[in-house]
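Each remark here refers to the structure printed beneath this line.
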Amino acid sequence: MILTLRSSADTVHIDITVEHFKRLRDPHISEAEISKIAAACNCDAALLKEYTDDLKRAMRETIELDGSCDYSDHL
């Protein structure tokens, strides 16, 4: 599969396996494992680290938003 990462300056297409993609989305992935995946995909480890950091940040924001909502009914 192809993982496409875009920034304001560049677009990068990374040929990645489904298993590697799933591992990158794991919030507990280590930097060592990110580096191994980057080497296997022939891409910059710092780029994948930024991607995983962005995913973690987005997950935290979603959890914070969900936690701040009051779903109780007021009759």
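Each chain of the structure tokens is named A, B, ... in the order shown, its residues numbered from 1; ligands are numbered from 1 in display order.
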
Checklist entry - Among chain A, which ones does DSSP place in helix (DSSP H, G or I), written as a PyMOL selection string? => result chain A and resi 18-24+31-41+45-68

Item to check | Contact residues around Ala46 in chain A with only C-alpha atoms at 12 Å, ignoring same-chain residues under 6 positions, as a VMD selection string | outcome: chain A and resid 31 to 32 34 to 39 52 to 53

Checklist entry - Using only C-alpha atoms, which of A:Leu3, A:Ile16, A:Glu33, A:Asp10 sits nearest Tyr51 in chain A? => result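 Ranked by minimum distance to Tyr51 in chain A, first place goes to A:Leu3.
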
Item to check | Nearest-residue call for Ser7 in chain A, choices A:Arg25, A:Leu47, A:His20, A:Ala40, using only C-alpha atoms | outcome: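 Closest to Ser7 in chain A, using only C-alpha atoms: A:Leu47.
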
Checklist entry - Among chain A, which ones does DSSP place in strand (DSSP E or B), written as a PyMOL selection string? => result chain A and resi 2-6+11-15

Expected file contents, prior selection, N, CA and C atoms, as a short mmCIF file (atom, residue, chain, number, x, y, z; two decimals), in the first residue's frame:
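What landed in part_25.cif:
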```cif
data_model
loop_
_atom_site.label_atom_id
_atom_site.label_comp_id
_atom_site.auth_asym_id
_atom_site.auth_seq_id
_atom_site.Cartn_x
_atom_site.Cartn_y
_atom_site.Cartn_z
N ILE A 2 0.33 2.36 -0.38
CA ILE A 2 1.09 3.61 -0.42
C ILE A 2 0.55 4.55 0.66
N LEU A 3 1.43 5.00 1.53
CA LEU A 3 1.11 5.98 2.55
C LEU A 3 1.57 7.33 2.01
N THR A 4 0.66 8.27 1.88
CA THR A 4 0.99 9.59 1.37
C THR A 4 0.97 10.59 2.52
N LEU A 5 2.11 11.23 2.72
CA LEU A 5 2.23 12.24 3.78
C LEU A 5 2.47 13.59 3.11
N ARG A 6 1.68 14.59 3.52
CA ARG A 6 1.79 15.92 2.93
C ARG A 6 2.14 16.94 3.99
N THR A 11 5.20 16.55 -0.61
CA THR A 11 4.35 15.36 -0.54
C THR A 11 5.26 14.15 -0.71
N VAL A 12 5.12 13.18 0.20
CA VAL A 12 5.97 11.99 0.17
C VAL A 12 5.06 10.77 0.06
N HIS A 13 5.40 9.86 -0.85
CA HIS A 13 4.68 8.60 -1.02
C HIS A 13 5.58 7.48 -0.51
N ILE A 14 5.07 6.71 0.45
CA ILE A 14 5.86 5.64 1.07
C ILE A 14 5.19 4.30 0.77
N ASP A 15 5.95 3.39 0.18
CA ASP A 15 5.47 2.03 -0.07
C ASP A 15 5.61 1.27 1.24
#
```

Checklist entry - Counting only C-alpha atoms, which of A:Ala9, A:Asn42, A:Leu24, A:Ser30 gets nearest to Leu55 in chain A? => result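 Result for the nearest residue to Leu55 in chain A: A:Leu24.
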
Checklist entry - CA of Met1 in chain A to CA of Ile29 in chain A: how many Å, to one decimal? => result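 Going from CA of Met1 in chain A over to CA of Ile29 in chain A covers 20.0 Å.
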